[in-house]
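Student: Hey, dropping input.pdb in here, PDB, C-alpha atoms, pLDDT in the B column:
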ATOM      1  CA  MET A1200       0.000   0.000   0.000  1.00 94.00           C
ATOM      2  CA  LYS A1201       1.382   3.374  -1.053  1.00 98.00           C
ATOM      3  CA  VAL A1202       1.022   6.911   0.297  1.00 98.00           C
ATOM      4  CA  MET A1203       0.393   9.854  -1.991  1.00 98.00           C
ATOM      5  CA  ILE A1204       1.866  13.143  -0.834  1.00 98.00           C
ATOM      6  CA  ILE A1205       0.102  15.931  -2.673  1.00 98.00           C
ATOM      7  CA  MET A1206       0.999  19.578  -2.277  1.00 96.00           C
ATOM      8  CA  GLY A1207      -0.292  22.751  -3.829  1.00 93.00           C
ATOM      9  CA  SER A1208       3.059  24.176  -4.911  1.00 92.00           C
ATOM     10  CA  GLN A1209       6.610  23.065  -5.638  1.00 93.00           C
ATOM     11  CA  THR A1210       7.738  25.476  -2.920  1.00 93.00           C
ATOM     12  CA  ASP A1211       6.105  23.129  -0.356  1.00 94.00           C
ATOM     13  CA  GLU A1212       8.561  20.348  -1.199  1.00 95.00           C
ATOM     14  CA  ASN A1213      11.124  21.446   1.391  1.00 95.00           C
ATOM     15  CA  VAL A1214       8.628  20.791   4.195  1.00 96.00           C
ATOM     16  CA  MET A1215       7.051  17.681   2.699  1.00 97.00           C
ATOM     17  CA  GLN A1216      10.422  15.976   2.252  1.00 98.00           C
ATOM     18  CA  GLU A1217      10.030  15.240   5.966  1.00 97.00           C
ATOM     19  CA  SER A1218       7.081  12.963   5.143  1.00 98.00           C
ATOM     20  CA  VAL A1219       9.125  11.265   2.442  1.00 98.00           C
ATOM     21  CA  LYS A1220      12.054  10.693   4.799  1.00 97.00           C
ATOM     22  CA  TRP A1221       9.866   9.115   7.469  1.00 97.00           C
ATOM     23  CA  LEU A1222       7.757   7.038   5.067  1.00 98.00           C
ATOM     24  CA  ASN A1223      10.959   5.699   3.533  1.00 97.00           C
ATOM     25  CA  TRP A1224      12.181   4.689   7.001  1.00 96.00           C
ATOM     26  CA  PHE A1225       8.955   2.728   7.526  1.00 97.00           C
ATOM     27  CA  GLY A1226       9.460   1.082   4.128  1.00 97.00           C
ATOM     28  CA  ILE A1227       6.289   2.578   2.693  1.00 98.00           C
ATOM     29  CA  GLU A1228       6.278   3.412  -1.001  1.00 98.00           C
ATOM     30  CA  ASN A1229       5.298   7.025  -1.586  1.00 98.00           C
ATOM     31  CA  ASN A1230       4.978   9.545  -4.371  1.00 98.00           C
ATOM     32  CA  MET A1231       5.092  13.315  -4.140  1.00 98.00           C
ATOM     33  CA  ILE A1232       2.833  15.168  -6.568  1.00 97.00           C
ATOM     34  CA  VAL A1233       2.246  18.886  -7.112  1.00 97.00           C
ATOM     35  CA  ALA A1234      -1.375  19.729  -7.886  1.00 96.00           C
ATOM     36  CA  SER A1235      -3.209  22.813  -6.687  1.00 94.00           C
ATOM     37  CA  ALA A1236      -6.874  22.775  -5.711  1.00 93.00           C
ATOM     38  CA  HIS A1237      -7.143  26.220  -7.303  1.00 93.00           C
ATOM     39  CA  ARG A1238      -4.829  25.985 -10.322  1.00 93.00           C
ATOM     40  CA  ASN A1239      -5.315  22.301 -11.260  1.00 93.00           C
ATOM     41  CA  PRO A1240      -8.686  21.187  -9.857  1.00 95.00           C
ATOM     42  CA  ASP A1241      -9.243  18.630 -12.621  1.00 97.00           C
ATOM     43  CA  LYS A1242      -5.845  17.061 -11.955  1.00 97.00           C
ATOM     44  CA  VAL A1243      -6.582  16.855  -8.215  1.00 97.00           C
ATOM     45  CA  ARG A1244      -9.942  15.218  -8.915  1.00 98.00           C
ATOM     46  CA  GLU A1245      -8.390  12.667 -11.279  1.00 98.00           C
ATOM     47  CA  LEU A1246      -5.643  11.818  -8.788  1.00 98.00           C
ATOM     48  CA  MET A1247      -8.179  11.255  -6.024  1.00 98.00           C
ATOM     49  CA  VAL A1248     -10.748   9.222  -7.958  1.00 98.00           C
ATOM     50  CA  THR A1249      -8.003   6.891  -9.240  1.00 98.00           C
ATOM     51  CA  ALA A1250      -5.874   6.756  -6.061  1.00 98.00           C
ATOM     52  CA  LYS A1251      -7.289   3.529  -4.640  1.00 98.00           C
ATOM     53  CA  ASP A1252      -7.065   1.719  -7.989  1.00 98.00           C
ATOM     54  CA  ASN A1253      -3.450   2.908  -8.264  1.00 98.00           C
ATOM     55  CA  GLY A1254      -2.509   1.240  -4.974  1.00 98.00           C
ATOM     56  CA  TYR A1255      -2.700   4.175  -2.587  1.00 98.00           C
ATOM     57  CA  GLY A1256      -4.064   3.642   0.910  1.00 98.00           C
ATOM     58  CA  VAL A1257      -3.491   7.059   2.484  1.00 98.00           C
ATOM     59  CA  ILE A1258      -3.313  10.604   1.137  1.00 98.00           C
ATOM     60  CA  ILE A1259      -1.142  13.268   2.783  1.00 98.00           C
ATOM     61  CA  ALA A1260      -2.250  16.675   1.498  1.00 98.00           C
ATOM     62  CA  ALA A1261      -0.267  19.806   2.324  1.00 96.00           C
ATOM     63  CA  ALA A1262      -1.317  23.385   1.683  1.00 92.00           C
ATOM     64  CA  GLY A1263      -0.889  26.877   3.020  1.00 85.00           C
ATOM     65  CA  MET A1264      -3.028  29.999   3.237  1.00 83.00           C
ATOM     66  CA  ALA A1265      -6.586  29.041   2.155  1.00 83.00           C
ATOM     67  CA  ALA A1266      -5.441  25.387   2.341  1.00 89.00           C
ATOM     68  CA  ALA A1267      -8.299  24.020   0.255  1.00 93.00           C
ATOM     69  CA  LEU A1268      -6.322  21.041  -1.055  1.00 96.00           C
ATOM     70  CA  PRO A1269      -6.888  18.564   1.810  1.00 96.00           C
ATOM     71  CA  GLY A1270     -10.635  19.210   1.791  1.00 96.00           C
ATOM     72  CA  VAL A1271     -10.876  18.890  -1.976  1.00 97.00           C
ATOM     73  CA  CYS A1272      -8.979  15.605  -1.751  1.00 98.00           C
ATOM     74  CA  SER A1273     -11.407  14.349   0.886  1.00 97.00           C
ATOM     75  CA  ALA A1274     -14.343  15.310  -1.329  1.00 96.00           C
ATOM     76  CA  TYR A1275     -13.099  13.028  -4.124  1.00 97.00           C
ATOM     77  CA  THR A1276     -11.822   9.948  -2.244  1.00 98.00           C
ATOM     78  CA  SER A1277     -12.873   7.572   0.514  1.00 97.00           C
ATOM     79  CA  LEU A1278      -9.238   7.040   1.517  1.00 98.00           C
ATOM     80  CA  PRO A1279      -7.949   8.634   4.725  1.00 98.00           C
ATOM     81  CA  VAL A1280      -6.713  12.166   4.047  1.00 98.00           C
ATOM     82  CA  LEU A1281      -4.142  13.652   6.416  1.00 98.00           C
ATOM     83  CA  GLY A1282      -3.817  17.415   6.153  1.00 97.00           C
ATOM     84  CA  VAL A1283      -0.582  19.269   6.805  1.00 97.00           C
ATOM     85  CA  PRO A1284      -1.073  23.031   7.129  1.00 96.00           C
ATOM     86  CA  LEU A1285       1.830  25.086   5.859  1.00 94.00           C
ATOM     87  CA  ASP A1286       3.074  28.521   6.794  1.00 89.00           C
ATOM     88  CA  GLY A1287       2.665  31.109   4.091  1.00 80.00           C
ATOM     89  CA  GLY A1288      -0.224  33.378   4.933  1.00 71.00           C
ATOM     90  CA  LEU A1289      -0.876  34.531   8.472  1.00 71.00           C
ATOM     91  CA  PRO A1290       1.991  34.114  10.960  1.00 70.00           C
ATOM     92  CA  GLY A1291       2.541  30.525  12.048  1.00 79.00           C
ATOM     93  CA  GLY A1292       0.257  29.124   9.347  1.00 83.00           C
ATOM     94  CA  ILE A1293      -2.809  29.706  11.515  1.00 88.00           C
ATOM     95  CA  ASP A1294      -4.972  30.449   8.463  1.00 88.00           C
ATOM     96  CA  ALA A1295      -4.072  27.107   6.890  1.00 89.00           C
ATOM     97  CA  LEU A1296      -4.589  25.295  10.194  1.00 90.00           C
ATOM     98  CA  TYR A1297      -8.076  26.745  10.635  1.00 90.00           C
ATOM     99  CA  SER A1298      -8.969  26.003   7.036  1.00 89.00           C
ATOM    100  CA  ILE A1299      -8.002  22.336   7.292  1.00 92.00           C
ATOM    101  CA  VAL A1300      -9.363  21.637  10.749  1.00 91.00           C
ATOM    102  CA  GLN A1301     -12.776  23.239  10.054  1.00 91.00           C
ATOM    103  CA  MET A1302     -14.060  20.748   7.468  1.00 89.00           C
ATOM    104  CA  PRO A1303     -17.806  20.236   7.132  1.00 90.00           C
ATOM    105  CA  ALA A1304     -19.306  17.071   8.569  1.00 91.00           C
ATOM    106  CA  GLY A1305     -18.834  14.134   6.219  1.00 91.00           C
ATOM    107  CA  LEU A1306     -15.580  15.418   4.688  1.00 91.00           C
ATOM    108  CA  PRO A1307     -13.016  14.357   7.294  1.00 94.00           C
ATOM    109  CA  VAL A1308      -9.410  15.453   7.148  1.00 96.00           C
ATOM    110  CA  GLY A1309      -7.047  14.353   9.895  1.00 96.00           C
ATOM    111  CA  THR A1310      -5.262  17.595  10.706  1.00 96.00           C
ATOM    112  CA  LEU A1311      -1.663  17.636  11.877  1.00 96.00           C
ATOM    113  CA  ALA A1312       0.635  20.370  13.154  1.00 95.00           C
ATOM    114  CA  VAL A1313       1.798  23.223  10.953  1.00 95.00           C
ATOM    115  CA  GLY A1314       4.983  22.638   8.969  1.00 95.00           C
ATOM    116  CA  LYS A1315       7.719  20.045   9.356  1.00 96.00           C
ATOM    117  CA  ALA A1316       6.382  18.562  12.606  1.00 96.00           C
ATOM    118  CA  GLY A1317       3.050  18.013  10.873  1.00 97.00           C
ATOM    119  CA  ALA A1318       4.758  16.451   7.844  1.00 98.00           C
ATOM    120  CA  ARG A1319       6.607  14.029  10.113  1.00 97.00           C
ATOM    121  CA  ASN A1320       3.502  13.156  12.104  1.00 97.00           C
ATOM    122  CA  ALA A1321       1.485  12.666   8.919  1.00 98.00           C
ATOM    123  CA  ALA A1322       3.979  10.012   7.852  1.00 98.00           C
ATOM    124  CA  ALA A1323       3.901   8.359  11.291  1.00 97.00           C
ATOM    125  CA  LEU A1324       0.095   8.367  11.296  1.00 98.00           C
ATOM    126  CA  ALA A1325      -0.020   6.986   7.748  1.00 98.00           C
ATOM    127  CA  ALA A1326       2.298   4.183   8.910  1.00 98.00           C
ATOM    128  CA  ARG A1327      -0.039   3.392  11.807  1.00 98.00           C
ATOM    129  CA  ILE A1328      -3.023   3.272   9.438  1.00 98.00           C
ATOM    130  CA  ILE A1329      -1.223   0.972   7.005  1.00 98.00           C
ATOM    131  CA  ALA A1330       0.053  -1.159   9.901  1.00 98.00           C
ATOM    132  CA  LEU A1331      -3.527  -2.220  10.638  1.00 97.00           C
ATOM    133  CA  ALA A1332      -3.391  -4.466   7.555  1.00 97.00           C
ATOM    134  CA  ASP A1333       0.365  -4.978   7.093  1.00 98.00           C
ATOM    135  CA  PRO A1334       2.351  -6.919   9.736  1.00 98.00           C
ATOM    136  CA  LYS A1335       5.696  -5.782   8.288  1.00 98.00           C
ATOM    137  CA  ILE A1336       4.761  -2.116   8.706  1.00 98.00           C
ATOM    138  CA  ALA A1337       3.273  -2.893  12.138  1.00 98.00           C
ATOM    139  CA  ALA A1338       6.679  -4.212  13.221  1.00 96.00           C
ATOM    140  CA  LYS A1339       8.347  -1.026  11.956  1.00 96.00           C
ATOM    141  CA  VAL A1340       5.828   1.079  13.900  1.00 96.00           C
ATOM    142  CA  GLU A1341       6.734  -0.818  17.077  1.00 95.00           C
ATOM    143  CA  GLU A1342      10.449  -0.361  16.350  1.00 94.00           C
ATOM    144  CA  PHE A1343       9.825   3.352  15.791  1.00 94.00           C
ATOM    145  CA  LYS A1344       8.031   3.662  19.119  1.00 90.00           C
ATOM    146  CA  ALA A1345      10.766   1.705  20.925  1.00 91.00           C
ATOM    147  CA  ASN A1346      13.353   4.136  19.569  1.00 84.00           C
ATOM    148  CA  GLU A1347      11.391   7.030  21.049  1.00 70.00           C
ATOM    149  CA  TYR A1348      10.417   8.400  17.640  1.00 68.00           C
ATOM    150  CA  ARG A1349      13.957   8.892  16.369  1.00 67.00           C
ATOM    151  CA  ILE A1350      14.785   8.405  12.737  1.00 69.00           C
TER     152      ILE A1350
END
Represent the supplied structure as structure tokens.

Tutor:
Amino acid sequence: MKVMIIMGSQTDENVMQESVKWLNWFGIENNMIVASAHRNPDKVRELMVTAKDNGYGVIIAAAGMAAALPGVCSAYTSLPVLGVPLDGGLPGGIDALYSIVQMPAGLPVGTLAVGKAGARNAAALAARIIALADPKIAAKVEEFKANEYRI
């Protein structure tokens, strides 16, 4: 089972490399894709409606400012969507945090911390989700916990 990391802009890659690093440690295949909810809505829709058929089990969606991307992803897939708010608008990324955490009922997005800590935790949470059905990943999650979350 793979994890898709989708972000609204190439400039978000620096932060989202933290998800890649941690997913790689867990041995979880992942792909990073740039697609904006505002600039490429058709691309986002296509990625989400085909994600499950393409072997994805979890979506990590990162966005700043209006941070519509995680919610749009949730609207088009039944897979778990983990939202990582990014700094870029109001100080500390508070605008993105509020945007992601305030989803309407029925469109859940698991919201993590702003920035790199959120990117890391999104990967760790994705690993825990995948571990429910994958004993190999479950063992890596236990190893991770035993090492006090150090990679």

Student: Counting all atoms listed in the file, which residue out of A:Asn1253, A:Ile1329, A:Pro1290, A:Ala1236 sits closest to Ala1274 (chain A)?

Tutor: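 So, comparing all the options, the nearest one is A:Ala1236.
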
Student: Asn1230 (chain A): which residues within 9 Å, counting all atoms listed in the file, same-chain residues fewer than 3 positions away excluded, as a PyMOL selection string?

Tutor: chain A and resi 1201-1205+1219

Student: Keeping only C-alpha atoms, write those residues as an mmCIF file, in the coordinates of the input.

Tutor:
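The resulting part02.cif:
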data_model
loop_
_atom_site.group_PDB
_atom_site.id
_atom_site.type_symbol
_atom_site.label_atom_id
_atom_site.label_comp_id
_atom_site.auth_asym_id
_atom_site.auth_seq_id
_atom_site.Cartn_x
_atom_site.Cartn_y
_atom_site.Cartn_z
ATOM 1 C CA LYS A 1201 1.382 3.374 -1.053
ATOM 2 C CA VAL A 1202 1.022 6.911 0.297
ATOM 3 C CA MET A 1203 0.393 9.854 -1.991
ATOM 4 C CA ILE A 1204 1.866 13.143 -0.834
ATOM 5 C CA ILE A 1205 0.102 15.931 -2.673
ATOM 6 C CA VAL A 1219 9.125 11.265 2.442
#

Student: Kindly resolve the PyMOL selection byres ((chain A and resi 1263) around 7) on the present coordinates and return the residues as an NGL selection string.

Tutor: :A and (1262 or 1264-1266 or 1284-1288 or 1292 or 1295)

Student: Skip Gly1309 (chain A) itself and residues of its chain fewer than 2 positions away, then list as a PyMOL selection string all residues within 9 Å of it, counting only C-alpha atoms.

Tutor: chain A and resi 1279-1283+1299-1300+1307+1311+1321

Student: For Met1206 (chain A), which residue among A:Ala1345, A:Val1243, A:Leu1324, A:Val1340 is the nearest when counting all atoms listed in the file?

Tutor: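 Smallest distance to Met1206 (chain A) is found for A:Val1243.
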
Student: Compile the contact shell of Gly1270 (chain A) as a list in words: residues with an atom at most 7 Å away, counting all atoms listed in the file, same-chain residues fewer than 5 positions apart removed.

Tutor: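 The filter keeps Ile1299, Met1302, Leu1306 and Val1308 of chain A.
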
Student: CA of Leu1268 (chain A) and CA of Leu1246 (chain A), how far apart in Å?

Tutor: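 Computed distance, CA of Leu1246 (chain A) to CA of Leu1268 (chain A), equals 12.1 Å.
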
Student: Residues at most 8 Å from Ala1312 (chain A), counting only C-alpha atoms, excluding those fewer than 3 positions away in the same chain, as a list in words?

Tutor: Val1283, Pro1284, Leu1296, Ala1316, Gly1317, Ala1318 and Asn1320 of chain A

Student: In terms of the shortest atom-to-atom distance over only C-alpha atoms, which of A:Arg1244, A:Pro1303, A:Phe1225, A:Glu1212 is closest to Glu1342 (chain A)?

Tutor: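 Among the listed residues, the smallest separation from Glu1342 (chain A) belongs to A:Phe1225.
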
Student: Hey, can I get the axis-aligned box for region 1312-1327 of chain A? All listed atoms, 4 Å padding on each side, centre and edge lengths in Å to one decimal, as JSON.

Tutor:
{"center_x": 3.8, "center_y": 13.3, "center_z": 10.5, "size_x": 15.8, "size_y": 27.8, "size_z": 13.4}

Student: Using only C-alpha atoms, pick whichever of A:Tyr1297, A:Phe1343, A:Tyr1275, A:Tyr1255 has the shortest atom-to-atom distance to Trp1224 (chain A).

Tutor: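 So, comparing all the options, the nearest one is A:Phe1343.
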
Student: Distance CA of Asn1213 (chain A)-CA of Ala1260 (chain A), one decimal place?

Tutor: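 One can read the CA of Asn1213 (chain A) to CA of Ala1260 (chain A) distance as 14.2 Å.
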
Student: Expand the PyMOL selection byres ((chain A and resi 1226) around 10) into the explicit residue set it covers here, and present it as a PDB file with C-alpha atoms, in the coordinates of the input.

Tutor:
ATOM      1  CA  LYS A1201       1.382   3.374  -1.053  1.00 98.00           C
ATOM      2  CA  LYS A1220      12.054  10.693   4.799  1.00 97.00           C
ATOM      3  CA  TRP A1221       9.866   9.115   7.469  1.00 97.00           C
ATOM      4  CA  LEU A1222       7.757   7.038   5.067  1.00 98.00           C
ATOM      5  CA  ASN A1223      10.959   5.699   3.533  1.00 97.00           C
ATOM      6  CA  TRP A1224      12.181   4.689   7.001  1.00 96.00           C
ATOM      7  CA  PHE A1225       8.955   2.728   7.526  1.00 97.00           C
ATOM      8  CA  ILE A1227       6.289   2.578   2.693  1.00 98.00           C
ATOM      9  CA  GLU A1228       6.278   3.412  -1.001  1.00 98.00           C
ATOM     10  CA  ASN A1229       5.298   7.025  -1.586  1.00 98.00           C
ATOM     11  CA  ALA A1326       2.298   4.183   8.910  1.00 98.00           C
ATOM     12  CA  LYS A1335       5.696  -5.782   8.288  1.00 98.00           C
ATOM     13  CA  ILE A1336       4.761  -2.116   8.706  1.00 98.00           C
ATOM     14  CA  LYS A1339       8.347  -1.026  11.956  1.00 96.00           C
TER      15      LYS A1339
END

Student: What is the distance, in Å and to one decimal place, between CA of Ser1218 (chain A) and CA of Gly1305 (chain A)?

Tutor: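 Here the two named atoms are 26.0 Å from each other.
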